[in-house]
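One structure is given here, and the rest of the page talks about it.
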Amino acid sequence: MAPAIELRHVTKRFLTPSGTAYTALRDLDLAVQDGEFCAVVGPTGCGKSTTLALISGLEPPSEGEVFVGGAPVRSVGRDVGYVFQVDAVFPWKSVLDNVATGPRFRGVERRAAEDLARDWIKRVGLSGFERYYPHQLSGGMRKRAALAQTLINEPRILLMDEPFSALDVQTRTLMENELLQLWSTTRASVVFVTHDLEEAIALADRVVVITAGPGTVKGVYRVDLPRPRNVAEIRFQPEFSRIYQEIWNDLRDEVLVSYERSKRSVS
Amino acid sequence: MLVLGTWEIGTTVDAAHKDGLFIDPFFYGRPSGIASQLWTWIQNGTAQGPLWLQIATTLEEAFLGFLIGVILGVVFGVALGRVRLLSDVFAPYIKAFNAMPRVVLGSIFIITIGYGIWSKVALAVVLVFFVVFFNAFQGVREVDRVLIANARILGASERQLSTHVILPSALSWILASLHTSFGFALVGAVVGEYLGAIHGIGLIIATAQATFNPNGVFAAMFILALVALTAEVALTSLEGRLIKWRPNGINTDGLI
Ligand SMILES: Nc1ncnc2c1ncn2[C@@H]1O[C@H](COP(=O)(O)OP(=O)(O)O)[C@@H](O)[C@H]1O
Ligand SMILES: [Mg+2]
């Protein structure tokens, strides 16, 4: 069977404001199996968000090919859900309307869409806030709304871009557990981008390390920790530290490269 | 108040001494004279007919001009903001048209359309259109890319993208322009009337000026200011109702 997601020799260049081409990704190969939870880690600016944009069909690759469900990606697919790095809920829609947006766009009649939305709002723990506008919610609650907005479409492919990086540690652990719980019922294929290695290991079946820009795959690691997992406790298992050490050896060099570069560009 | 007091006293003292030391009421009128002029108009009507008819005429012209100008401005602004080709084709014409001193158009409209209300409406439309157009255009251009990407992923068609993301997002820009543009609509109506009309506040000003009646000019301006202020209050409340999703400063009932 074809992998759920596959990137073959993908290169992505952007035109910079000065007119030169900037290579964000170079010859990247990545395959995610059906129902797999894959985490992607790498230093800031290595092309993690770009990778997700390519898989979603929002951006075309400059070279190489992207496949979802065995078919080449030509435009934004119906089976894809995407939780963005920054807030992407619509500020002018209430929580209920925000969550109901996907089904409404896809032709579901208003009443049915709202009933469905209420159900998902409950699942992400936002009951009672249906009539609130995003600016009236905390950052964590906005992320829950974004999660419900994405999951309500029941995507087979779930792309998440550092979804919890702006949250405080407690809220974050809570939401990581909830995510795993929601995912276990859908078994979508997940690409979860993060710069936090602990988070990656705690959540994923597999961790992919990307090199400092231009990004390409530096290493792929299996995480054979049993499920269901409790994110708060799993960090204390000896197997967890062993995997952490192993991946960190790879990741450290890339982070250092990226750090040195940013220091140079500032001075 | 202080200004009014000084003005009144200045003109009074001046009238007593007749030596032009202070403010000459012949040119500048005086508050008491303006008040009595207003009272006369309210009781006996103006030379052009009852006062309410003049106000109603100006208001009608301003409102029609405002409405048509806003609709045209939003439609063109959103269309040109959305469609690259349209903006490439039309932008030079709109810029050239915008560079023209528009008040001059008032004379042209009166010659071509006539002395009735429509020549004033046309002038108001032109004035309002550009303000709203540029704001709508900018509003569409400034839409958050991530929100557009999110809507695409969620399954939006081009049309749904416009109605669910681009219009609401541009709405705050458009609404901000409405404050300025109602003022412009009034200016268009009044200037049009000033240039030639049968009724209206602008005509009162023109008549008062022709008969060297500064109190009349000021009284008409006072009425205009009142009208503008009322419209401002109405627009602010409309804005508050249309974008209730926006945080209003410190007074948010948000949760931390
Ligand atoms: N639309 C774009 N235009 C130009 N450069 C871009 C664009 N998107 C991303 N980049 C550049 O590509 C590199 C990778 O970006 P990104 O994928 O956002 O990194 P990450 O998510 O890993 O932090 C960065 O250097 C960024 O400046
Ligand atoms: Mg990123």
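Labels for the structure tokens follow display order: chains A, B, ..., residues from 1 in each chain, ligands from 1.
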
If you count only C-alpha atoms, which residues fall within 8 Å of segment 139-156 of chain A, apart from same-chain ones fewer than 3 positions away, as a PDB file with all heavy atoms, in the first residue's frame?
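This is the output file selection35.pdb:
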```pdb
ATOM      1  N   ARG A  78      -9.230  17.748   0.001  1.00  0.00           N
ATOM      2  CA  ARG A  78     -10.379  17.713   0.919  1.00  0.00           C
ATOM      3  C   ARG A  78     -10.088  16.922   2.185  1.00  0.00           C
ATOM      4  O   ARG A  78     -10.764  17.079   3.194  1.00  0.00           O
ATOM      5  CB  ARG A  78     -11.577  17.070   0.212  1.00  0.00           C
ATOM      6  CG  ARG A  78     -12.341  18.019  -0.685  1.00  0.00           C
ATOM      7  CD  ARG A  78     -13.543  17.311  -1.257  1.00  0.00           C
ATOM      8  NE  ARG A  78     -14.558  17.019  -0.260  1.00  0.00           N
ATOM      9  CZ  ARG A  78     -15.543  17.857   0.051  1.00  0.00           C
ATOM     10  NH1 ARG A  78     -15.651  18.997  -0.551  1.00  0.00           N
ATOM     11  NH2 ARG A  78     -16.427  17.525   0.969  1.00  0.00           N
ATOM     12  N   ASP A  79      -9.094  16.026   2.108  1.00  0.00           N
ATOM     13  CA  ASP A  79      -8.840  15.126   3.231  1.00  0.00           C
ATOM     14  C   ASP A  79      -7.839  15.676   4.230  1.00  0.00           C
ATOM     15  O   ASP A  79      -7.435  14.989   5.149  1.00  0.00           O
ATOM     16  CB  ASP A  79      -8.312  13.788   2.693  1.00  0.00           C
ATOM     17  CG  ASP A  79      -9.438  12.912   2.201  1.00  0.00           C
ATOM     18  OD1 ASP A  79     -10.591  13.172   2.598  1.00  0.00           O
ATOM     19  OD2 ASP A  79      -9.170  11.987   1.416  1.00  0.00           O
ATOM     20  N   VAL A  80      -7.429  16.946   3.988  1.00  0.00           N
ATOM     21  CA  VAL A  80      -6.356  17.497   4.808  1.00  0.00           C
ATOM     22  C   VAL A  80      -6.911  18.461   5.864  1.00  0.00           C
ATOM     23  O   VAL A  80      -7.779  19.277   5.580  1.00  0.00           O
ATOM     24  CB  VAL A  80      -5.341  18.239   3.918  1.00  0.00           C
ATOM     25  CG1 VAL A  80      -4.270  18.924   4.761  1.00  0.00           C
ATOM     26  CG2 VAL A  80      -4.700  17.275   2.933  1.00  0.00           C
ATOM     27  N   GLY A  81      -6.392  18.303   7.089  1.00  0.00           N
ATOM     28  CA  GLY A  81      -6.665  19.280   8.141  1.00  0.00           C
ATOM     29  C   GLY A  81      -5.347  19.924   8.526  1.00  0.00           C
ATOM     30  O   GLY A  81      -4.301  19.293   8.446  1.00  0.00           O
ATOM     31  N   TYR A  82      -5.395  21.206   8.889  1.00  0.00           N
ATOM     32  CA  TYR A  82      -4.150  21.945   9.119  1.00  0.00           C
ATOM     33  C   TYR A  82      -4.351  22.875  10.305  1.00  0.00           C
ATOM     34  O   TYR A  82      -5.149  23.806  10.237  1.00  0.00           O
ATOM     35  CB  TYR A  82      -3.836  22.742   7.846  1.00  0.00           C
ATOM     36  CG  TYR A  82      -2.423  23.277   7.694  1.00  0.00           C
ATOM     37  CD1 TYR A  82      -1.869  23.438   6.436  1.00  0.00           C
ATOM     38  CD2 TYR A  82      -1.648  23.648   8.794  1.00  0.00           C
ATOM     39  CE1 TYR A  82      -0.583  23.933   6.250  1.00  0.00           C
ATOM     40  CE2 TYR A  82      -0.367  24.138   8.621  1.00  0.00           C
ATOM     41  CZ  TYR A  82       0.165  24.284   7.357  1.00  0.00           C
ATOM     42  OH  TYR A  82       1.428  24.786   7.169  1.00  0.00           O
ATOM     43  N   VAL A  83      -3.626  22.616  11.386  1.00  0.00           N
ATOM     44  CA  VAL A  83      -3.641  23.541  12.519  1.00  0.00           C
ATOM     45  C   VAL A  83      -2.403  24.416  12.387  1.00  0.00           C
ATOM     46  O   VAL A  83      -1.281  23.921  12.440  1.00  0.00           O
ATOM     47  CB  VAL A  83      -3.640  22.789  13.858  1.00  0.00           C
ATOM     48  CG1 VAL A  83      -3.635  23.786  15.021  1.00  0.00           C
ATOM     49  CG2 VAL A  83      -4.850  21.867  13.953  1.00  0.00           C
ATOM     50  N   ASP A  87      -2.453  31.935  15.299  1.00  0.00           N
ATOM     51  CA  ASP A  87      -3.913  31.874  15.399  1.00  0.00           C
ATOM     52  C   ASP A  87      -4.549  32.002  14.027  1.00  0.00           C
ATOM     53  O   ASP A  87      -4.267  32.943  13.301  1.00  0.00           O
ATOM     54  CB  ASP A  87      -4.415  33.033  16.266  1.00  0.00           C
ATOM     55  CG  ASP A  87      -4.586  32.589  17.702  1.00  0.00           C
ATOM     56  OD1 ASP A  87      -4.801  31.371  17.917  1.00  0.00           O
ATOM     57  OD2 ASP A  87      -4.516  33.445  18.595  1.00  0.00           O
ATOM     58  N   ALA A  88      -5.410  31.055  13.684  1.00  0.00           N
ATOM     59  CA  ALA A  88      -6.041  31.144  12.367  1.00  0.00           C
ATOM     60  C   ALA A  88      -7.559  31.030  12.472  1.00  0.00           C
ATOM     61  O   ALA A  88      -8.233  30.918  11.460  1.00  0.00           O
ATOM     62  CB  ALA A  88      -5.489  30.076  11.434  1.00  0.00           C
ATOM     63  N   VAL A  89      -8.107  31.072  13.695  1.00  0.00           N
ATOM     64  CA  VAL A  89      -9.565  31.114  13.799  1.00  0.00           C
ATOM     65  C   VAL A  89     -10.007  32.497  13.331  1.00  0.00           C
ATOM     66  O   VAL A  89      -9.253  33.459  13.426  1.00  0.00           O
ATOM     67  CB  VAL A  89     -10.063  30.855  15.241  1.00  0.00           C
ATOM     68  CG1 VAL A  89      -9.868  29.409  15.621  1.00  0.00           C
ATOM     69  CG2 VAL A  89      -9.367  31.771  16.225  1.00  0.00           C
ATOM     70  N   VAL A  95     -17.172  31.164  18.465  1.00  0.00           N
ATOM     71  CA  VAL A  95     -16.598  29.818  18.536  1.00  0.00           C
ATOM     72  C   VAL A  95     -17.471  28.836  17.745  1.00  0.00           C
ATOM     73  O   VAL A  95     -16.978  28.045  16.938  1.00  0.00           O
ATOM     74  CB  VAL A  95     -16.456  29.366  20.000  1.00  0.00           C
ATOM     75  CG1 VAL A  95     -16.111  27.891  20.078  1.00  0.00           C
ATOM     76  CG2 VAL A  95     -15.389  30.191  20.705  1.00  0.00           C
ATOM     77  N   ASN A  98     -17.078  29.475  14.065  1.00  0.00           N
ATOM     78  CA  ASN A  98     -15.746  29.068  13.645  1.00  0.00           C
ATOM     79  C   ASN A  98     -15.665  27.561  13.439  1.00  0.00           C
ATOM     80  O   ASN A  98     -15.163  27.088  12.426  1.00  0.00           O
ATOM     81  CB  ASN A  98     -14.706  29.491  14.689  1.00  0.00           C
ATOM     82  CG  ASN A  98     -13.941  30.727  14.262  1.00  0.00           C
ATOM     83  OD1 ASN A  98     -13.263  30.716  13.251  1.00  0.00           O
ATOM     84  ND2 ASN A  98     -14.087  31.788  15.032  1.00  0.00           N
ATOM     85  N   VAL A  99     -16.175  26.826  14.428  1.00  0.00           N
ATOM     86  CA  VAL A  99     -16.069  25.367  14.349  1.00  0.00           C
ATOM     87  C   VAL A  99     -16.970  24.828  13.242  1.00  0.00           C
ATOM     88  O   VAL A  99     -16.642  23.852  12.564  1.00  0.00           O
ATOM     89  CB  VAL A  99     -16.399  24.734  15.719  1.00  0.00           C
ATOM     90  CG1 VAL A  99     -16.379  23.218  15.638  1.00  0.00           C
ATOM     91  CG2 VAL A  99     -15.404  25.212  16.772  1.00  0.00           C
ATOM     92  N   ALA A 100     -18.094  25.510  13.012  1.00  0.00           N
ATOM     93  CA  ALA A 100     -19.030  25.039  11.988  1.00  0.00           C
ATOM     94  C   ALA A 100     -18.588  25.426  10.570  1.00  0.00           C
ATOM     95  O   ALA A 100     -19.207  24.988   9.590  1.00  0.00           O
ATOM     96  CB  ALA A 100     -20.428  25.609  12.263  1.00  0.00           C
ATOM     97  N   THR A 101     -17.528  26.218  10.473  1.00  0.00           N
ATOM     98  CA  THR A 101     -17.121  26.737   9.158  1.00  0.00           C
ATOM     99  C   THR A 101     -16.846  25.643   8.128  1.00  0.00           C
ATOM    100  O   THR A 101     -17.354  25.698   7.004  1.00  0.00           O
ATOM    101  CB  THR A 101     -15.864  27.631   9.294  1.00  0.00           C
ATOM    102  OG1 THR A 101     -16.141  28.674  10.210  1.00  0.00           O
ATOM    103  CG2 THR A 101     -15.507  28.247   7.959  1.00  0.00           C
ATOM    104  N   GLY A 102     -16.045  24.644   8.530  1.00  0.00           N
ATOM    105  CA  GLY A 102     -15.677  23.580   7.585  1.00  0.00           C
ATOM    106  C   GLY A 102     -16.891  22.900   6.971  1.00  0.00           C
ATOM    107  O   GLY A 102     -17.055  22.878   5.745  1.00  0.00           O
ATOM    108  N   PRO A 103     -17.787  22.346   7.802  1.00  0.00           N
ATOM    109  CA  PRO A 103     -18.991  21.715   7.252  1.00  0.00           C
ATOM    110  C   PRO A 103     -19.832  22.672   6.404  1.00  0.00           C
ATOM    111  O   PRO A 103     -20.357  22.276   5.359  1.00  0.00           O
ATOM    112  CB  PRO A 103     -19.766  21.295   8.511  1.00  0.00           C
ATOM    113  CG  PRO A 103     -18.735  21.145   9.558  1.00  0.00           C
ATOM    114  CD  PRO A 103     -17.659  22.138   9.248  1.00  0.00           C
ATOM    115  N   LEU A 116     -23.244  19.541  14.798  1.00  0.00           N
ATOM    116  CA  LEU A 116     -21.947  18.877  14.723  1.00  0.00           C
ATOM    117  C   LEU A 116     -20.892  19.697  15.464  1.00  0.00           C
ATOM    118  O   LEU A 116     -20.073  19.165  16.225  1.00  0.00           O
ATOM    119  CB  LEU A 116     -21.563  18.730  13.247  1.00  0.00           C
ATOM    120  CG  LEU A 116     -20.523  17.683  12.897  1.00  0.00           C
ATOM    121  CD1 LEU A 116     -21.002  16.310  13.347  1.00  0.00           C
ATOM    122  CD2 LEU A 116     -20.284  17.680  11.380  1.00  0.00           C
ATOM    123  N   ALA A 117     -20.946  21.021  15.255  1.00  0.00           N
ATOM    124  CA  ALA A 117     -19.971  21.910  15.887  1.00  0.00           C
ATOM    125  C   ALA A 117     -20.099  21.841  17.409  1.00  0.00           C
ATOM    126  O   ALA A 117     -19.096  21.777  18.123  1.00  0.00           O
ATOM    127  CB  ALA A 117     -20.167  23.337  15.393  1.00  0.00           C
ATOM    128  N   TRP A 120     -18.314  18.880  18.705  1.00  0.00           N
ATOM    129  CA  TRP A 120     -16.857  18.999  18.712  1.00  0.00           C
ATOM    130  C   TRP A 120     -16.376  19.998  19.746  1.00  0.00           C
ATOM    131  O   TRP A 120     -15.320  19.826  20.349  1.00  0.00           O
ATOM    132  CB  TRP A 120     -16.339  19.363  17.320  1.00  0.00           C
ATOM    133  CG  TRP A 120     -16.151  18.123  16.502  1.00  0.00           C
ATOM    134  CD1 TRP A 120     -17.000  17.618  15.566  1.00  0.00           C
ATOM    135  CD2 TRP A 120     -15.064  17.192  16.614  1.00  0.00           C
ATOM    136  NE1 TRP A 120     -16.503  16.433  15.079  1.00  0.00           N
ATOM    137  CE2 TRP A 120     -15.312  16.154  15.697  1.00  0.00           C
ATOM    138  CE3 TRP A 120     -13.911  17.137  17.394  1.00  0.00           C
ATOM    139  CZ2 TRP A 120     -14.444  15.071  15.539  1.00  0.00           C
ATOM    140  CZ3 TRP A 120     -13.046  16.071  17.241  1.00  0.00           C
ATOM    141  CH2 TRP A 120     -13.317  15.041  16.322  1.00  0.00           C
ATOM    142  N   ILE A 121     -17.163  21.041  19.975  1.00  0.00           N
ATOM    143  CA  ILE A 121     -16.808  22.014  21.005  1.00  0.00           C
ATOM    144  C   ILE A 121     -16.772  21.319  22.368  1.00  0.00           C
ATOM    145  O   ILE A 121     -15.894  21.559  23.187  1.00  0.00           O
ATOM    146  CB  ILE A 121     -17.822  23.184  20.991  1.00  0.00           C
ATOM    147  CG1 ILE A 121     -17.591  24.042  19.743  1.00  0.00           C
ATOM    148  CG2 ILE A 121     -17.689  24.032  22.241  1.00  0.00           C
ATOM    149  CD1 ILE A 121     -18.677  25.058  19.485  1.00  0.00           C
ATOM    150  N   ARG A 123     -16.161  18.113  22.789  1.00  0.00           N
ATOM    151  CA  ARG A 123     -15.019  17.186  22.809  1.00  0.00           C
ATOM    152  C   ARG A 123     -13.701  17.870  23.129  1.00  0.00           C
ATOM    153  O   ARG A 123     -12.823  17.256  23.717  1.00  0.00           O
ATOM    154  CB  ARG A 123     -14.888  16.486  21.458  1.00  0.00           C
ATOM    155  CG  ARG A 123     -15.924  15.408  21.275  1.00  0.00           C
ATOM    156  CD  ARG A 123     -15.471  14.410  20.244  1.00  0.00           C
ATOM    157  NE  ARG A 123     -16.557  14.138  19.314  1.00  0.00           N
ATOM    158  CZ  ARG A 123     -16.455  13.307  18.287  1.00  0.00           C
ATOM    159  NH1 ARG A 123     -15.311  12.692  18.047  1.00  0.00           N
ATOM    160  NH2 ARG A 123     -17.479  13.100  17.507  1.00  0.00           N
ATOM    161  N   VAL A 124     -13.544  19.124  22.716  1.00  0.00           N
ATOM    162  CA  VAL A 124     -12.294  19.818  23.033  1.00  0.00           C
ATOM    163  C   VAL A 124     -12.417  20.622  24.325  1.00  0.00           C
ATOM    164  O   VAL A 124     -11.519  21.380  24.676  1.00  0.00           O
ATOM    165  CB  VAL A 124     -11.829  20.763  21.890  1.00  0.00           C
ATOM    166  CG1 VAL A 124     -11.572  19.978  20.616  1.00  0.00           C
ATOM    167  CG2 VAL A 124     -12.849  21.863  21.653  1.00  0.00           C
ATOM    168  N   GLY A 125     -13.546  20.448  25.038  1.00  0.00           N
ATOM    169  CA  GLY A 125     -13.681  21.074  26.349  1.00  0.00           C
ATOM    170  C   GLY A 125     -13.993  22.555  26.326  1.00  0.00           C
ATOM    171  O   GLY A 125     -13.562  23.298  27.192  1.00  0.00           O
ATOM    172  N   LEU A 126     -14.764  22.989  25.334  1.00  0.00           N
ATOM    173  CA  LEU A 126     -15.107  24.412  25.260  1.00  0.00           C
ATOM    174  C   LEU A 126     -16.595  24.668  25.462  1.00  0.00           C
ATOM    175  O   LEU A 126     -17.075  25.778  25.181  1.00  0.00           O
ATOM    176  CB  LEU A 126     -14.663  24.994  23.907  1.00  0.00           C
ATOM    177  CG  LEU A 126     -13.222  25.487  23.779  1.00  0.00           C
ATOM    178  CD1 LEU A 126     -12.995  26.096  22.405  1.00  0.00           C
ATOM    179  CD2 LEU A 126     -12.896  26.507  24.858  1.00  0.00           C
ATOM    180  N   PRO A 134     -13.201  34.963  19.461  1.00  0.00           N
ATOM    181  CA  PRO A 134     -11.821  34.570  19.777  1.00  0.00           C
ATOM    182  C   PRO A 134     -11.105  35.531  20.725  1.00  0.00           C
ATOM    183  O   PRO A 134     -10.390  35.081  21.615  1.00  0.00           O
ATOM    184  CB  PRO A 134     -11.144  34.540  18.404  1.00  0.00           C
ATOM    185  CG  PRO A 134     -12.244  34.132  17.481  1.00  0.00           C
ATOM    186  CD  PRO A 134     -13.480  34.794  18.013  1.00  0.00           C
ATOM    187  N   PRO A 163       1.545  23.541  17.306  1.00  0.00           N
ATOM    188  CA  PRO A 163       0.243  24.039  17.767  1.00  0.00           C
ATOM    189  C   PRO A 163       0.249  24.490  19.226  1.00  0.00           C
ATOM    190  O   PRO A 163      -0.528  25.360  19.591  1.00  0.00           O
ATOM    191  CB  PRO A 163      -0.679  22.832  17.582  1.00  0.00           C
ATOM    192  CG  PRO A 163       0.214  21.651  17.596  1.00  0.00           C
ATOM    193  CD  PRO A 163       1.511  22.107  17.014  1.00  0.00           C
ATOM    194  N   PHE A 164       1.129  23.914  20.030  1.00  0.00           N
ATOM    195  CA  PHE A 164       1.063  24.218  21.462  1.00  0.00           C
ATOM    196  C   PHE A 164       2.230  25.059  21.944  1.00  0.00           C
ATOM    197  O   PHE A 164       2.398  25.263  23.141  1.00  0.00           O
ATOM    198  CB  PHE A 164       1.015  22.912  22.269  1.00  0.00           C
ATOM    199  CG  PHE A 164      -0.065  21.975  21.812  1.00  0.00           C
ATOM    200  CD1 PHE A 164       0.171  20.607  21.708  1.00  0.00           C
ATOM    201  CD2 PHE A 164      -1.317  22.455  21.473  1.00  0.00           C
ATOM    202  CE1 PHE A 164      -0.829  19.737  21.292  1.00  0.00           C
ATOM    203  CE2 PHE A 164      -2.320  21.598  21.043  1.00  0.00           C
ATOM    204  CZ  PHE A 164      -2.082  20.232  20.950  1.00  0.00           C
ATOM    205  N   ALA A 166       2.874  28.128  21.984  1.00  0.00           N
ATOM    206  CA  ALA A 166       2.624  29.410  22.648  1.00  0.00           C
ATOM    207  C   ALA A 166       1.926  29.235  24.001  1.00  0.00           C
ATOM    208  O   ALA A 166       1.618  30.209  24.659  1.00  0.00           O
ATOM    209  CB  ALA A 166       1.786  30.307  21.746  1.00  0.00           C
ATOM    210  N   LEU A 167       1.701  27.988  24.405  1.00  0.00           N
ATOM    211  CA  LEU A 167       0.929  27.762  25.630  1.00  0.00           C
ATOM    212  C   LEU A 167       1.839  27.537  26.833  1.00  0.00           C
ATOM    213  O   LEU A 167       2.987  27.129  26.686  1.00  0.00           O
ATOM    214  CB  LEU A 167       0.033  26.535  25.454  1.00  0.00           C
ATOM    215  CG  LEU A 167      -0.886  26.555  24.231  1.00  0.00           C
ATOM    216  CD1 LEU A 167      -1.719  25.288  24.196  1.00  0.00           C
ATOM    217  CD2 LEU A 167      -1.776  27.781  24.265  1.00  0.00           C
ATOM    218  N   THR A 171      -1.036  23.829  30.545  1.00  0.00           N
ATOM    219  CA  THR A 171      -2.050  23.758  29.490  1.00  0.00           C
ATOM    220  C   THR A 171      -1.567  22.867  28.361  1.00  0.00           C
ATOM    221  O   THR A 171      -2.321  22.077  27.784  1.00  0.00           O
ATOM    222  CB  THR A 171      -2.318  25.166  28.926  1.00  0.00           C
ATOM    223  OG1 THR A 171      -2.457  26.067  30.006  1.00  0.00           O
ATOM    224  CG2 THR A 171      -3.561  25.180  28.079  1.00  0.00           C
ATOM    225  N   THR A 186      -9.636   8.663  15.781  1.00  0.00           N
ATOM    226  CA  THR A 186      -9.711   8.903  14.335  1.00  0.00           C
ATOM    227  C   THR A 186      -8.637   8.152  13.561  1.00  0.00           C
ATOM    228  O   THR A 186      -8.844   7.789  12.410  1.00  0.00           O
ATOM    229  CB  THR A 186      -9.553  10.399  14.007  1.00  0.00           C
ATOM    230  OG1 THR A 186      -8.212  10.793  14.327  1.00  0.00           O
ATOM    231  CG2 THR A 186     -10.522  11.251  14.785  1.00  0.00           C
ATOM    232  N   ARG A 187      -7.470   8.013  14.189  1.00  0.00           N
ATOM    233  CA  ARG A 187      -6.340   7.334  13.542  1.00  0.00           C
ATOM    234  C   ARG A 187      -5.994   7.962  12.204  1.00  0.00           C
ATOM    235  O   ARG A 187      -5.747   7.262  11.209  1.00  0.00           O
ATOM    236  CB  ARG A 187      -6.617   5.839  13.387  1.00  0.00           C
ATOM    237  CG  ARG A 187      -6.467   5.084  14.680  1.00  0.00           C
ATOM    238  CD  ARG A 187      -5.011   4.952  15.039  1.00  0.00           C
ATOM    239  NE  ARG A 187      -4.854   4.625  16.476  1.00  0.00           N
ATOM    240  CZ  ARG A 187      -3.668   4.348  17.025  1.00  0.00           C
ATOM    241  NH1 ARG A 187      -2.578   4.364  16.305  1.00  0.00           N
ATOM    242  NH2 ARG A 187      -3.594   4.094  18.320  1.00  0.00           N
ATOM    243  N   ALA A 188      -6.014   9.297  12.174  1.00  0.00           N
ATOM    244  CA  ALA A 188      -5.557   9.986  10.976  1.00  0.00           C
ATOM    245  C   ALA A 188      -4.039   9.873  10.899  1.00  0.00           C
ATOM    246  O   ALA A 188      -3.389   9.526  11.875  1.00  0.00           O
ATOM    247  CB  ALA A 188      -5.964  11.451  11.046  1.00  0.00           C
ATOM    248  N   SER A 189      -3.478  10.135   9.725  1.00  0.00           N
ATOM    249  CA  SER A 189      -2.025  10.206   9.585  1.00  0.00           C
ATOM    250  C   SER A 189      -1.610  11.619   9.961  1.00  0.00           C
ATOM    251  O   SER A 189      -2.107  12.575   9.369  1.00  0.00           O
ATOM    252  CB  SER A 189      -1.609   9.917   8.153  1.00  0.00           C
ATOM    253  OG  SER A 189      -2.300   8.775   7.689  1.00  0.00           O
TER     254      SER A 189
ATOM    255  N   LEU B 154     -10.165  24.525   4.931  1.00  0.00           N
ATOM    256  CA  LEU B 154     -11.472  24.110   5.449  1.00  0.00           C
ATOM    257  C   LEU B 154     -12.463  23.859   4.320  1.00  0.00           C
ATOM    258  O   LEU B 154     -13.552  23.335   4.554  1.00  0.00           O
ATOM    259  CB  LEU B 154     -12.018  25.169   6.413  1.00  0.00           C
ATOM    260  CG  LEU B 154     -11.239  25.297   7.731  1.00  0.00           C
ATOM    261  CD1 LEU B 154     -11.757  26.471   8.544  1.00  0.00           C
ATOM    262  CD2 LEU B 154     -11.325  24.018   8.547  1.00  0.00           C
TER     263      LEU B 154
END
```

* Residues of chain A within 6 Å of chain B, only C-alpha atoms counted, as JSON, numbers by chain -> {"A": [88, 92, 102, 105, 133, 136, 137, 138]}

- Atomic separation - atom CA of Thr185 of chain A relative to atom CA of Phe236 of chain A, Å: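 It comes out at 25.9 Å.
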
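When DSSP is run on the backbone, the residues of segment 183-239 of chain A that fall into strand (DSSP E or B) are Ser189, Val190, Val191, Phe192, Val193, Thr194, Arg206, Val207, Val208, Val209, Ile210, Gly215, Val217, Lys218, Gly219, Val220, Tyr221 and Arg222 of chain A.
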
How would you report the residues lying within 10 Å of ligand 2, as a PyMOL selection string, if you count only C-alpha atoms and all ligand atoms? chain A and resi 42-52+84-86+161-162+193-195

### Task
DSSP on the backbone, then: every residue of segment 15-204 of chain A marked alpha helix (DSSP H), written as an NGL selection string.
:A and (48-56 or 95-105 or 110-123 or 139-151 or 169-186 or 197-203)

**Q.** Residue neighbourhood Glu193 of chain B, 7 Å, only C-alpha atoms, exclusion window fewer than 6 positions, as number ranges by chain
**A.** B: 120, 200, 202-203

Please provide as a list in words all residues within 12 Å of Leu53 of chain B, with the sequence filter that same-chain residues fewer than 5 positions apart are discarded (counting only C-alpha atoms).
Trp41, Ile42, Gly45, Thr46, Ala47, Gln48, Thr58, Leu59, Glu60, Ile198, His199, Gly200, Ile201, Leu203 and Ile204 of chain B

Q.
Which residue is closest to Met100 of chain B? Choose from B:Phe130, B:Phe184, B:Trp118, B:Phe212 and count only C-alpha atoms.
A.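 Of B:Phe130, B:Phe184, B:Trp118, B:Phe212, the one nearest Met100 of chain B is B:Phe130, counting only C-alpha atoms.
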
Computed gap from atom CA of Gly183 of chain B to atom CA of Pro92 of chain B is 26.3 Å

* To do: Write out as JSON, numbers by chain each polymer residue whose atoms come within 8 Å of segment 208-210 of chain A, counting only C-alpha atoms; drop sequence neighbours fewer than 5 positions from it.
  => {"A": [38, 39, 40, 41, 42, 43, 46, 48, 215, 216, 217, 218, 219, 220, 221, 247, 250, 251]}

At a cut-off of 6 Å, using only C-alpha atoms, what residues contact Leu58 of chain A? Leave out same-chain residues fewer than 2 positions from it and give the result as a count of residues only. 3

Query raised in the report: Quick one: residues within 9 Å of Val74 of chain B, only C-alpha atoms counted, chain neighbours fewer than 5 positions away excluded, as JSON, numbers by chain?
Result: {"B": [69, 79, 129, 132, 133, 134, 135, 136, 137, 174]}

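Pairwise distance (atom CA of Gln138 of chain B, atom CA of Arg84 of chain B) equals 13.2 Å.
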
Using only C-alpha atoms and all ligand atoms, the best pick from A:Glu178, A:Glu260, A:Asp97, A:Glu59 as closest to ligand 1 would be A:Glu59

Using only C-alpha atoms, the shortest atom-to-atom distance to Ile166 of chain B among B:Pro31, B:Gly81, B:Gly49, B:Gly192 belongs to B:Gly81

Across A:Leu179, A:Val66, A:Ala204, A:Val169, the smallest distance to Phe240 of chain A, with only C-alpha atoms counted, is shown by A:Ala204
